[in-house]
>>> print(open('protein.pdb').read())   # PDB, C-alpha atoms, pLDDT in the B column
ATOM      1  CA  MET A 572     -22.188 -17.905  18.574  1.00 60.00           C
ATOM      2  CA  PHE A 573     -20.445 -16.162  15.637  1.00 64.00           C
ATOM      3  CA  ASP A 574     -17.890 -18.974  15.379  1.00 69.00           C
ATOM      4  CA  GLU A 575     -20.694 -21.505  14.913  1.00 73.00           C
ATOM      5  CA  LEU A 576     -22.241 -19.372  12.160  1.00 69.00           C
ATOM      6  CA  ARG A 577     -18.901 -19.025  10.352  1.00 71.00           C
ATOM      7  CA  GLU A 578     -18.147 -22.744  10.486  1.00 77.00           C
ATOM      8  CA  SER A 579     -21.009 -23.675   8.162  1.00 80.00           C
ATOM      9  CA  ARG A 580     -20.608 -22.783   4.493  1.00 84.00           C
ATOM     10  CA  VAL A 581     -24.389 -22.813   4.070  1.00 87.00           C
ATOM     11  CA  ASN A 582     -24.769 -20.328   6.952  1.00 84.00           C
ATOM     12  CA  ARG A 583     -22.131 -18.019   5.462  1.00 83.00           C
ATOM     13  CA  LEU A 584     -23.765 -18.123   2.030  1.00 89.00           C
ATOM     14  CA  GLY A 585     -27.208 -17.615   3.553  1.00 90.00           C
ATOM     15  CA  MET A 586     -26.026 -14.646   5.626  1.00 87.00           C
ATOM     16  CA  GLY A 587     -24.347 -13.189   2.533  1.00 86.00           C
ATOM     17  CA  LEU A 588     -27.583 -13.502   0.582  1.00 89.00           C
ATOM     18  CA  VAL A 589     -29.707 -11.969   3.355  1.00 91.00           C
ATOM     19  CA  PHE A 590     -27.316  -9.068   3.984  1.00 88.00           C
ATOM     20  CA  GLY A 591     -26.900  -8.542   0.225  1.00 85.00           C
ATOM     21  CA  ILE A 592     -30.654  -8.224  -0.196  1.00 87.00           C
ATOM     22  CA  ILE A 593     -30.822  -5.805   2.743  1.00 89.00           C
ATOM     23  CA  PHE A 594     -27.925  -3.796   1.276  1.00 85.00           C
ATOM     24  CA  GLY A 595     -29.598  -3.624  -2.144  1.00 84.00           C
ATOM     25  CA  PHE A 596     -32.899  -2.612  -0.564  1.00 87.00           C
ATOM     26  CA  LEU A 597     -31.192   0.190   1.370  1.00 87.00           C
ATOM     27  CA  LEU A 598     -29.329   1.370  -1.742  1.00 86.00           C
ATOM     28  CA  GLN A 599     -32.623   1.497  -3.602  1.00 87.00           C
ATOM     29  CA  LYS A 600     -34.382   3.339  -0.765  1.00 88.00           C
ATOM     30  CA  GLY A 601     -31.464   5.775  -0.596  1.00 86.00           C
ATOM     31  CA  GLY A 602     -31.953   6.560  -4.276  1.00 87.00           C
ATOM     32  CA  VAL A 603     -28.489   5.500  -5.395  1.00 87.00           C
ATOM     33  CA  THR A 604     -29.649   2.849  -7.877  1.00 87.00           C
ATOM     34  CA  ASP A 605     -31.087   5.602 -10.089  1.00 86.00           C
ATOM     35  CA  TYR A 606     -28.908   6.315 -13.128  1.00 84.00           C
ATOM     36  CA  ASP A 607     -29.683  10.052 -13.010  1.00 88.00           C
ATOM     37  CA  VAL A 608     -28.563  10.270  -9.371  1.00 89.00           C
ATOM     38  CA  LEU A 609     -25.322   8.433 -10.170  1.00 86.00           C
ATOM     39  CA  LEU A 610     -24.703  10.613 -13.207  1.00 86.00           C
ATOM     40  CA  GLY A 611     -25.365  13.695 -11.047  1.00 90.00           C
ATOM     41  CA  GLN A 612     -22.705  12.439  -8.616  1.00 87.00           C
ATOM     42  CA  LEU A 613     -20.172  12.030 -11.425  1.00 85.00           C
ATOM     43  CA  LEU A 614     -21.008  15.551 -12.636  1.00 89.00           C
ATOM     44  CA  LEU A 615     -20.832  16.884  -9.046  1.00 89.00           C
ATOM     45  CA  THR A 616     -24.409  18.187  -9.176  1.00 91.00           C
ATOM     46  CA  ASP A 617     -26.106  15.595  -6.921  1.00 90.00           C
ATOM     47  CA  PHE A 618     -24.414  14.426  -3.735  1.00 91.00           C
ATOM     48  CA  THR A 619     -26.933  11.737  -2.763  1.00 91.00           C
ATOM     49  CA  VAL A 620     -24.348   8.983  -3.284  1.00 89.00           C
ATOM     50  CA  VAL A 621     -21.790  10.725  -1.060  1.00 91.00           C
ATOM     51  CA  LYS A 622     -24.410  11.209   1.656  1.00 91.00           C
ATOM     52  CA  VAL A 623     -25.576   7.584   1.576  1.00 90.00           C
ATOM     53  CA  MET A 624     -22.027   6.194   1.513  1.00 89.00           C
ATOM     54  CA  ALA A 625     -20.816   8.524   4.283  1.00 93.00           C
ATOM     55  CA  ALA A 626     -23.759   7.451   6.445  1.00 91.00           C
ATOM     56  CA  ALA A 627     -22.891   3.802   5.703  1.00 90.00           C
ATOM     57  CA  VAL A 628     -19.232   4.364   6.596  1.00 92.00           C
ATOM     58  CA  ILE A 629     -20.170   6.048   9.892  1.00 95.00           C
ATOM     59  CA  THR A 630     -22.585   3.238  10.777  1.00 93.00           C
ATOM     60  CA  GLY A 631     -20.150   0.516   9.765  1.00 91.00           C
ATOM     61  CA  MET A 632     -17.162   2.052  11.576  1.00 92.00           C
ATOM     62  CA  ALA A 633     -19.101   2.578  14.783  1.00 93.00           C
ATOM     63  CA  GLY A 634     -20.754  -0.850  14.648  1.00 93.00           C
ATOM     64  CA  ILE A 635     -17.534  -2.727  13.985  1.00 92.00           C
ATOM     65  CA  GLU A 636     -15.681  -0.781  16.673  1.00 93.00           C
ATOM     66  CA  ILE A 637     -18.418  -1.527  19.228  1.00 93.00           C
ATOM     67  CA  LEU A 638     -18.392  -5.231  18.322  1.00 90.00           C
ATOM     68  CA  ARG A 639     -14.568  -5.324  18.355  1.00 90.00           C
ATOM     69  CA  SER A 640     -14.388  -3.562  21.722  1.00 91.00           C
ATOM     70  CA  ALA A 641     -16.892  -6.034  23.165  1.00 91.00           C
ATOM     71  CA  GLY A 642     -14.770  -8.941  21.900  1.00 87.00           C
ATOM     72  CA  LEU A 643     -17.525 -10.165  19.583  1.00 85.00           C
ATOM     73  CA  VAL A 644     -15.500  -9.847  16.375  1.00 84.00           C
ATOM     74  CA  THR A 645     -11.858 -10.067  15.394  1.00 85.00           C
ATOM     75  CA  LEU A 646     -10.693  -8.101  12.389  1.00 85.00           C
ATOM     76  CA  HIS A 647      -8.515  -9.765   9.779  1.00 86.00           C
ATOM     77  CA  PRO A 648      -7.301  -7.059   7.384  1.00 87.00           C
ATOM     78  CA  LYS A 649      -6.179  -8.277   3.993  1.00 86.00           C
ATOM     79  CA  THR A 650      -2.865  -7.367   2.449  1.00 86.00           C
ATOM     80  CA  GLY A 651      -2.755  -4.672  -0.180  1.00 86.00           C
ATOM     81  CA  SER A 652      -0.433  -3.121  -2.709  1.00 89.00           C
ATOM     82  CA  PHE A 653      -0.306  -0.144  -4.997  1.00 91.00           C
ATOM     83  CA  GLY A 654       0.044  -2.605  -7.893  1.00 90.00           C
ATOM     84  CA  SER A 655      -3.440  -3.951  -7.199  1.00 88.00           C
ATOM     85  CA  THR A 656      -5.146  -0.833  -5.818  1.00 89.00           C
ATOM     86  CA  ILE A 657      -4.314   1.634  -8.590  1.00 90.00           C
ATOM     87  CA  PRO A 658      -5.275  -0.559 -11.580  1.00 87.00           C
ATOM     88  CA  GLY A 659      -8.355  -1.812  -9.701  1.00 87.00           C
ATOM     89  CA  GLY A 660      -9.451   1.744  -8.978  1.00 89.00           C
ATOM     90  CA  LEU A 661      -8.900   2.791 -12.575  1.00 89.00           C
ATOM     91  CA  ILE A 662     -10.896  -0.177 -13.922  1.00 87.00           C
ATOM     92  CA  PHE A 663     -13.670   0.540 -11.400  1.00 87.00           C
ATOM     93  CA  GLY A 664     -13.732   4.212 -12.412  1.00 87.00           C
ATOM     94  CA  VAL A 665     -13.843   3.467 -16.133  1.00 86.00           C
ATOM     95  CA  GLY A 666     -16.672   0.973 -15.643  1.00 85.00           C
ATOM     96  CA  PHE A 667     -18.577   3.436 -13.453  1.00 85.00           C
ATOM     97  CA  ALA A 668     -18.123   6.256 -15.973  1.00 83.00           C
ATOM     98  CA  LEU A 669     -19.126   4.119 -18.964  1.00 85.00           C
ATOM     99  CA  LEU A 670     -22.162   2.407 -17.448  1.00 85.00           C
ATOM    100  CA  GLY A 671     -23.163   4.768 -14.667  1.00 84.00           C
ATOM    101  CA  TYR A 672     -23.248   2.067 -11.989  1.00 86.00           C
ATOM    102  CA  CYS A 673     -20.787   0.643  -9.502  1.00 85.00           C
ATOM    103  CA  PRO A 674     -21.149  -3.086  -8.706  1.00 86.00           C
ATOM    104  CA  GLY A 675     -23.429  -2.512  -5.697  1.00 85.00           C
ATOM    105  CA  THR A 676     -25.716  -0.005  -7.357  1.00 86.00           C
ATOM    106  CA  MET A 677     -25.745  -2.160 -10.490  1.00 89.00           C
ATOM    107  CA  ALA A 678     -27.018  -5.148  -8.509  1.00 87.00           C
ATOM    108  CA  GLY A 679     -29.671  -2.948  -6.885  1.00 87.00           C
ATOM    109  CA  ALA A 680     -30.702  -1.602 -10.300  1.00 87.00           C
ATOM    110  CA  VAL A 681     -30.942  -5.163 -11.663  1.00 89.00           C
ATOM    111  CA  GLY A 682     -33.231  -5.927  -8.700  1.00 85.00           C
ATOM    112  CA  GLU A 683     -35.420  -3.016  -9.825  1.00 86.00           C
ATOM    113  CA  GLY A 684     -35.577  -4.492 -13.328  1.00 89.00           C
ATOM    114  CA  ARG A 685     -33.356  -1.973 -15.115  1.00 89.00           C
ATOM    115  CA  LEU A 686     -32.223  -3.559 -18.377  1.00 91.00           C
ATOM    116  CA  ASP A 687     -29.176  -1.314 -18.820  1.00 89.00           C
ATOM    117  CA  ALA A 688     -27.782  -2.609 -15.530  1.00 89.00           C
ATOM    118  CA  LEU A 689     -28.673  -6.203 -16.371  1.00 91.00           C
ATOM    119  CA  LEU A 690     -27.331  -6.262 -19.914  1.00 91.00           C
ATOM    120  CA  GLY A 691     -24.403  -3.850 -19.643  1.00 89.00           C
ATOM    121  CA  GLY A 692     -23.555  -4.300 -15.976  1.00 90.00           C
ATOM    122  CA  VAL A 693     -23.867  -8.029 -15.470  1.00 91.00           C
ATOM    123  CA  THR A 694     -22.267  -8.712 -18.852  1.00 91.00           C
ATOM    124  CA  GLY A 695     -19.396  -6.373 -17.986  1.00 89.00           C
ATOM    125  CA  VAL A 696     -18.901  -7.949 -14.552  1.00 89.00           C
ATOM    126  CA  LEU A 697     -18.868 -11.465 -16.027  1.00 91.00           C
ATOM    127  CA  ILE A 698     -16.450 -10.568 -18.831  1.00 90.00           C
ATOM    128  CA  GLY A 699     -14.224  -8.560 -16.493  1.00 87.00           C
ATOM    129  CA  SER A 700     -14.181 -11.336 -13.886  1.00 89.00           C
ATOM    130  CA  TRP A 701     -13.313 -13.898 -16.556  1.00 92.00           C
ATOM    131  CA  LEU A 702     -10.502 -11.714 -17.943  1.00 90.00           C
ATOM    132  CA  TYR A 703      -9.117 -11.172 -14.452  1.00 89.00           C
ATOM    133  CA  ALA A 704      -9.239 -14.899 -13.639  1.00 91.00           C
ATOM    134  CA  VAL A 705      -7.498 -15.818 -16.893  1.00 93.00           C
ATOM    135  CA  SER A 706      -4.783 -13.176 -16.496  1.00 90.00           C
ATOM    136  CA  TYR A 707      -4.354 -13.542 -12.713  1.00 89.00           C
ATOM    137  CA  PRO A 708      -1.270 -15.832 -12.775  1.00 90.00           C
ATOM    138  CA  ALA A 709       0.655 -13.386 -14.967  1.00 89.00           C
ATOM    139  CA  LEU A 710      -0.630 -10.341 -13.059  1.00 87.00           C
ATOM    140  CA  GLU A 711       0.319 -11.846  -9.702  1.00 84.00           C
ATOM    141  CA  ARG A 712       3.925 -12.294 -10.815  1.00 82.00           C
ATOM    142  CA  SER A 713       4.273  -8.908 -12.497  1.00 86.00           C
ATOM    143  CA  VAL A 714       1.917  -6.204 -11.213  1.00 88.00           C
ATOM    144  CA  LEU A 715      -0.244  -7.102  -8.220  1.00 85.00           C
ATOM    145  CA  GLN A 716       2.565  -7.313  -5.648  1.00 83.00           C
ATOM    146  CA  LYS A 717       4.262  -4.034  -6.605  1.00 89.00           C
ATOM    147  CA  GLY A 718       4.330  -1.569  -3.708  1.00 88.00           C
ATOM    148  CA  ASP A 719       3.091  -4.121  -1.168  1.00 85.00           C
ATOM    149  CA  PHE A 720       1.950  -2.433   2.050  1.00 84.00           C
ATOM    150  CA  GLY A 721       0.821  -5.586   3.870  1.00 83.00           C
ATOM    151  CA  GLU A 722      -2.040  -5.577   6.358  1.00 85.00           C
ATOM    152  CA  LEU A 723      -1.728  -1.850   7.034  1.00 84.00           C
ATOM    153  CA  THR A 724      -4.609  -0.119   8.810  1.00 87.00           C
ATOM    154  CA  PHE A 725      -4.923   3.505   9.937  1.00 89.00           C
ATOM    155  CA  PRO A 726      -4.589   2.592  13.626  1.00 89.00           C
ATOM    156  CA  ALA A 727      -1.422   0.620  12.836  1.00 87.00           C
ATOM    157  CA  LEU A 728      -0.091   3.432  10.637  1.00 88.00           C
ATOM    158  CA  PHE A 729      -0.613   6.035  13.372  1.00 91.00           C
ATOM    159  CA  ARG A 730       0.276   3.584  16.180  1.00 91.00           C
ATOM    160  CA  THR A 731      -2.920   4.216  18.080  1.00 92.00           C
ATOM    161  CA  LYS A 732      -6.087   2.451  19.189  1.00 91.00           C
ATOM    162  CA  PRO A 733      -8.870   2.076  16.599  1.00 89.00           C
ATOM    163  CA  ARG A 734     -11.222   4.248  18.652  1.00 89.00           C
ATOM    164  CA  THR A 735      -8.888   7.231  18.312  1.00 92.00           C
ATOM    165  CA  ILE A 736      -9.316   6.951  14.538  1.00 92.00           C
ATOM    166  CA  VAL A 737     -13.019   5.997  14.415  1.00 93.00           C
ATOM    167  CA  VAL A 738     -14.341   8.853  16.552  1.00 92.00           C
ATOM    168  CA  PRO A 739     -12.663  11.789  14.744  1.00 93.00           C
ATOM    169  CA  VAL A 740     -13.366  10.307  11.293  1.00 93.00           C
ATOM    170  CA  ALA A 741     -17.038   9.765  12.210  1.00 93.00           C
ATOM    171  CA  VAL A 742     -17.313  13.307  13.589  1.00 94.00           C
ATOM    172  CA  GLY A 743     -15.615  14.700  10.469  1.00 94.00           C
ATOM    173  CA  LEU A 744     -18.024  12.813   8.210  1.00 94.00           C
ATOM    174  CA  ILE A 745     -21.013  14.009  10.235  1.00 94.00           C
ATOM    175  CA  VAL A 746     -19.803  17.610   9.901  1.00 95.00           C
ATOM    176  CA  ALA A 747     -19.260  17.103   6.149  1.00 93.00           C
ATOM    177  CA  LEU A 748     -22.782  15.689   5.812  1.00 92.00           C
ATOM    178  CA  ALA A 749     -24.224  18.648   7.711  1.00 92.00           C
ATOM    179  CA  LEU A 750     -22.337  21.068   5.462  1.00 91.00           C
ATOM    180  CA  LEU A 751     -23.586  19.298   2.333  1.00 89.00           C
ATOM    181  CA  GLU A 752     -27.154  19.521   3.612  1.00 87.00           C
ATOM    182  CA  ARG A 753     -26.766  23.153   4.620  1.00 87.00           C
ATOM    183  CA  GLY A 754     -25.373  23.953   1.172  1.00 82.00           C
ATOM    184  CA  GLY A 755     -28.380  22.303  -0.446  1.00 77.00           C
ATOM    185  CA  MET A 756     -26.300  19.690  -2.202  1.00 74.00           C
TER     186      MET A 756
END
>>> encode(input="protein.pdb", output="structure tokens")
Amino acid sequence: MFDELRESRVNRLGMGLVFGIIFGFLLQKGGVTDYDVLLGQLLLTDFTVVKVMAAAVITGMAGIEILRSAGLVTLHPKTGSFGSTIPGGLIFGVGFALLGYCPGTMAGAVGEGRLDALLGGVTGVLIGSWLYAVSYPALERSVLQKGDFGELTFPALFRTKPRTIVVPVAVGLIVALALLERGGM
């Protein structure tokens, strides 16, 4: 069934659109498309973003592990490198600090009609994407492959089954969420 869905480009694009709308709706309902909430996260005074993202990570990890264990999905991790991760993280952080939105929350805020996200965010994403595309050939030869760590995953790193990583990480995140709630954060 999943193979048939993946074979059609229209199906893939349609599923991406539907799941993107659902994701944006959930971000909005979780309160993380609000500039003041995002600013509070950056100032470490409002932990709504951490709570929503931790809940998403728990749900995603458990769901993917259940589907993988049932043989319904096959994971295809992408290669990575320090040369792409560190600059990408720095650019992401600068954009987040300057605008107050990450790409997902920016899209959700645009859906709410927030002009700062539309004008600053979409413009920034388009300019940044264009700059990256133009400079990609030079970056690929010089920076992006530095410190290549391949298709490394935590289960591969620790030479264990995915479930032995998923369960303790999920439990740890649940405990962290409970502590954040108990602390009134």
>>> resolve_selection(input="protein.pdb", expression="the PyMOL selection byres ((chain A and resi 630-643) around 10)", output="list in words")
Met572, Phe573, Asp574, Met624, Ala625, Ala626, Ala627, Val628, Ile629, Val644, Thr645, Leu646, Pro733, Arg734, Ile736, Val737, Val738, Val740 and Ala741 of chain A
>>> closest_residue(input="protein.pdb", among="A:Gly671, A:Gly666, A:Pro648, A:Gly684", to="Leu610 of chain A", atoms="all atoms listed in the file")
A:Gly671
>>> residues_around(input="protein.pdb", residues="Tyr606 of chain A", least_positions_apart="4", cutoff="12 Å", atoms="only C-alpha atoms", output="NGL selection string")
:A and (599 or 602 or 610-613 or 617 or 619-620 or 667-673 or 676-677 or 679-681 or 683 or 685-688)
>>> closest_residue(input="protein.pdb", among="A:Leu728, A:Val742, A:Ala678, A:Leu689", to="Leu598 of chain A", atoms="all atoms listed in the file")
A:Ala678
>>> axis_aligned_box(input="protein.pdb", around="segment 652-671 of chain A", padding_each_side="4 Å", output="lines of an AutoDock Vina configuration file")
center_x = -11.6
center_y = 1.2
center_z = -10.8
size_x = 31.2
size_y = 18.2
size_z = 24.3
>>> resolve_selection(input="protein.pdb", expression="the PyMOL selection byres ((chain A and resi 745-748) around 10)", output="mmCIF file with C-alpha atoms, in the frame of the given file")
data_model
loop_
_atom_site.group_PDB
_atom_site.id
_atom_site.type_symbol
_atom_site.label_atom_id
_atom_site.label_comp_id
_atom_site.auth_asym_id
_atom_site.auth_seq_id
_atom_site.Cartn_x
_atom_site.Cartn_y
_atom_site.Cartn_z
ATOM 1 C CA PHE A 618 -24.414 14.426 -3.735
ATOM 2 C CA VAL A 621 -21.790 10.725 -1.060
ATOM 3 C CA LYS A 622 -24.410 11.209 1.656
ATOM 4 C CA VAL A 623 -25.576 7.584 1.576
ATOM 5 C CA ALA A 625 -20.816 8.524 4.283
ATOM 6 C CA ALA A 626 -23.759 7.451 6.445
ATOM 7 C CA ILE A 629 -20.170 6.048 9.892
ATOM 8 C CA PRO A 739 -12.663 11.789 14.744
ATOM 9 C CA VAL A 740 -13.366 10.307 11.293
ATOM 10 C CA ALA A 741 -17.038 9.765 12.210
ATOM 11 C CA VAL A 742 -17.313 13.307 13.589
ATOM 12 C CA GLY A 743 -15.615 14.700 10.469
ATOM 13 C CA LEU A 744 -18.024 12.813 8.210
ATOM 14 C CA ALA A 749 -24.224 18.648 7.711
ATOM 15 C CA LEU A 750 -22.337 21.068 5.462
ATOM 16 C CA LEU A 751 -23.586 19.298 2.333
ATOM 17 C CA GLU A 752 -27.154 19.521 3.612
ATOM 18 C CA ARG A 753 -26.766 23.153 4.620
ATOM 19 C CA GLY A 754 -25.373 23.953 1.172
ATOM 20 C CA MET A 756 -26.300 19.690 -2.202
#
>>> residues_around(input="protein.pdb", residues="Arg577 of chain A", least_positions_apart="5", cutoff="12 Å", atoms="only C-alpha atoms", output="PyMOL selection string")
chain A and resi 572+582-587+644
>>> closest_residue(input="protein.pdb", among="A:Gly699, A:Gly755, A:Gly675, A:Gly718", to="Ile592 of chain A", atoms="only C-alpha atoms")
A:Gly675
>>> resolve_selection(input="protein.pdb", expression="the PyMOL selection byres ((chain A and resi 653) around 8)", output="number ranges by chain")
A: 651-652, 654-657, 715-720
>>> decode(input="protein.pdb", residues="segment 635-663 of chain A", atoms="N, CA and C atoms", output="PDB file, in the first residue's frame")
ATOM      1  N   ILE A 635       7.139   5.727  14.479  1.00  0.00           N
ATOM      2  CA  ILE A 635       8.049   5.172  13.475  1.00  0.00           C
ATOM      3  C   ILE A 635       8.570   3.814  13.912  1.00  0.00           C
ATOM      4  N   GLU A 636       8.886   3.666  15.189  1.00  0.00           N
ATOM      5  CA  GLU A 636       9.379   2.371  15.672  1.00  0.00           C
ATOM      6  C   GLU A 636       8.305   1.300  15.554  1.00  0.00           C
ATOM      7  N   ILE A 637       7.071   1.627  15.860  1.00  0.00           N
ATOM      8  CA  ILE A 637       5.966   0.659  15.712  1.00  0.00           C
ATOM      9  C   ILE A 637       5.802   0.269  14.244  1.00  0.00           C
ATOM     10  N   LEU A 638       5.790   1.250  13.356  1.00  0.00           N
ATOM     11  CA  LEU A 638       5.658   0.965  11.923  1.00  0.00           C
ATOM     12  C   LEU A 638       6.844   0.163  11.405  1.00  0.00           C
ATOM     13  N   ARG A 639       8.062   0.518  11.860  1.00  0.00           N
ATOM     14  CA  ARG A 639       9.264  -0.210  11.425  1.00  0.00           C
ATOM     15  C   ARG A 639       9.238  -1.647  11.911  1.00  0.00           C
ATOM     16  N   SER A 640       8.854  -1.833  13.180  1.00  0.00           N
ATOM     17  CA  SER A 640       8.791  -3.184  13.750  1.00  0.00           C
ATOM     18  C   SER A 640       7.762  -4.060  13.042  1.00  0.00           C
ATOM     19  N   ALA A 641       6.682  -3.426  12.575  1.00  0.00           N
ATOM     20  CA  ALA A 641       5.633  -4.168  11.872  1.00  0.00           C
ATOM     21  C   ALA A 641       5.975  -4.394  10.397  1.00  0.00           C
ATOM     22  N   GLY A 642       7.125  -3.855   9.958  1.00  0.00           N
ATOM     23  CA  GLY A 642       7.538  -4.025   8.570  1.00  0.00           C
ATOM     24  C   GLY A 642       6.790  -3.130   7.599  1.00  0.00           C
ATOM     25  N   LEU A 643       6.137  -2.095   8.106  1.00  0.00           N
ATOM     26  CA  LEU A 643       5.363  -1.202   7.244  1.00  0.00           C
ATOM     27  C   LEU A 643       6.190  -0.063   6.662  1.00  0.00           C
ATOM     28  N   VAL A 644       7.328   0.246   7.274  1.00  0.00           N
ATOM     29  CA  VAL A 644       8.211   1.275   6.742  1.00  0.00           C
ATOM     30  C   VAL A 644       9.658   0.797   6.824  1.00  0.00           C
ATOM     31  N   THR A 645      10.462   1.328   5.935  1.00  0.00           N
ATOM     32  CA  THR A 645      11.901   1.092   5.953  1.00  0.00           C
ATOM     33  C   THR A 645      12.562   2.459   6.062  1.00  0.00           C
ATOM     34  N   LEU A 646      13.464   2.587   6.996  1.00  0.00           N
ATOM     35  CA  LEU A 646      14.136   3.871   7.191  1.00  0.00           C
ATOM     36  C   LEU A 646      15.338   3.973   6.254  1.00  0.00           C
ATOM     37  N   HIS A 647      15.528   5.166   5.739  1.00  0.00           N
ATOM     38  CA  HIS A 647      16.655   5.448   4.847  1.00  0.00           C
ATOM     39  C   HIS A 647      17.362   6.697   5.353  1.00  0.00           C
ATOM     40  N   PRO A 648      18.214   6.555   6.382  1.00  0.00           N
ATOM     41  CA  PRO A 648      18.885   7.745   6.916  1.00  0.00           C
ATOM     42  C   PRO A 648      19.777   8.381   5.864  1.00  0.00           C
ATOM     43  N   LYS A 649      19.838   9.689   5.900  1.00  0.00           N
ATOM     44  CA  LYS A 649      20.685  10.438   4.978  1.00  0.00           C
ATOM     45  C   LYS A 649      22.067  10.625   5.593  1.00  0.00           C
ATOM     46  N   THR A 650      23.041  10.820   4.735  1.00  0.00           N
ATOM     47  CA  THR A 650      24.394  11.048   5.224  1.00  0.00           C
ATOM     48  C   THR A 650      24.483  12.438   5.847  1.00  0.00           C
ATOM     49  N   GLY A 651      25.444  12.609   6.708  1.00  0.00           N
ATOM     50  CA  GLY A 651      25.639  13.891   7.359  1.00  0.00           C
ATOM     51  C   GLY A 651      27.110  14.179   7.543  1.00  0.00           C
ATOM     52  N   SER A 652      27.389  15.418   7.888  1.00  0.00           N
ATOM     53  CA  SER A 652      28.776  15.818   8.155  1.00  0.00           C
ATOM     54  C   SER A 652      28.761  17.015   9.083  1.00  0.00           C
ATOM     55  N   PHE A 653      29.862  17.199   9.777  1.00  0.00           N
ATOM     56  CA  PHE A 653      29.989  18.375  10.626  1.00  0.00           C
ATOM     57  C   PHE A 653      30.060  19.635   9.767  1.00  0.00           C
ATOM     58  N   GLY A 654      30.609  19.514   8.558  1.00  0.00           N
ATOM     59  CA  GLY A 654      30.725  20.647   7.649  1.00  0.00           C
ATOM     60  C   GLY A 654      29.388  21.169   7.162  1.00  0.00           C
ATOM     61  N   SER A 655      28.352  20.343   7.209  1.00  0.00           N
ATOM     62  CA  SER A 655      27.019  20.825   6.839  1.00  0.00           C
ATOM     63  C   SER A 655      26.171  21.114   8.075  1.00  0.00           C
ATOM     64  N   THR A 656      26.343  20.334   9.131  1.00  0.00           N
ATOM     65  CA  THR A 656      25.511  20.481  10.324  1.00  0.00           C
ATOM     66  C   THR A 656      25.817  21.752  11.098  1.00  0.00           C
ATOM     67  N   ILE A 657      27.079  22.043  11.319  1.00  0.00           N
ATOM     68  CA  ILE A 657      27.444  23.212  12.131  1.00  0.00           C
ATOM     69  C   ILE A 657      27.061  24.523  11.446  1.00  0.00           C
ATOM     70  N   PRO A 658      27.449  24.751  10.179  1.00  0.00           N
ATOM     71  CA  PRO A 658      27.005  25.998   9.541  1.00  0.00           C
ATOM     72  C   PRO A 658      25.475  26.077   9.412  1.00  0.00           C
ATOM     73  N   GLY A 659      24.834  24.956   9.101  1.00  0.00           N
ATOM     74  CA  GLY A 659      23.371  24.953   8.997  1.00  0.00           C
ATOM     75  C   GLY A 659      22.716  25.322  10.311  1.00  0.00           C
ATOM     76  N   GLY A 660      23.224  24.786  11.404  1.00  0.00           N
ATOM     77  CA  GLY A 660      22.691  25.114  12.722  1.00  0.00           C
ATOM     78  C   GLY A 660      22.914  26.564  13.092  1.00  0.00           C
ATOM     79  N   LEU A 661      24.069  27.090  12.735  1.00  0.00           N
ATOM     80  CA  LEU A 661      24.360  28.499  13.021  1.00  0.00           C
ATOM     81  C   LEU A 661      23.445  29.427  12.208  1.00  0.00           C
ATOM     82  N   ILE A 662      23.250  29.116  10.930  1.00  0.00           N
ATOM     83  CA  ILE A 662      22.369  29.927  10.088  1.00  0.00           C
ATOM     84  C   ILE A 662      20.935  29.856  10.618  1.00  0.00           C
ATOM     85  N   PHE A 663      20.491  28.649  10.975  1.00  0.00           N
ATOM     86  CA  PHE A 663      19.159  28.471  11.555  1.00  0.00           C
ATOM     87  C   PHE A 663      19.019  29.312  12.823  1.00  0.00           C
TER      88      PHE A 663
END
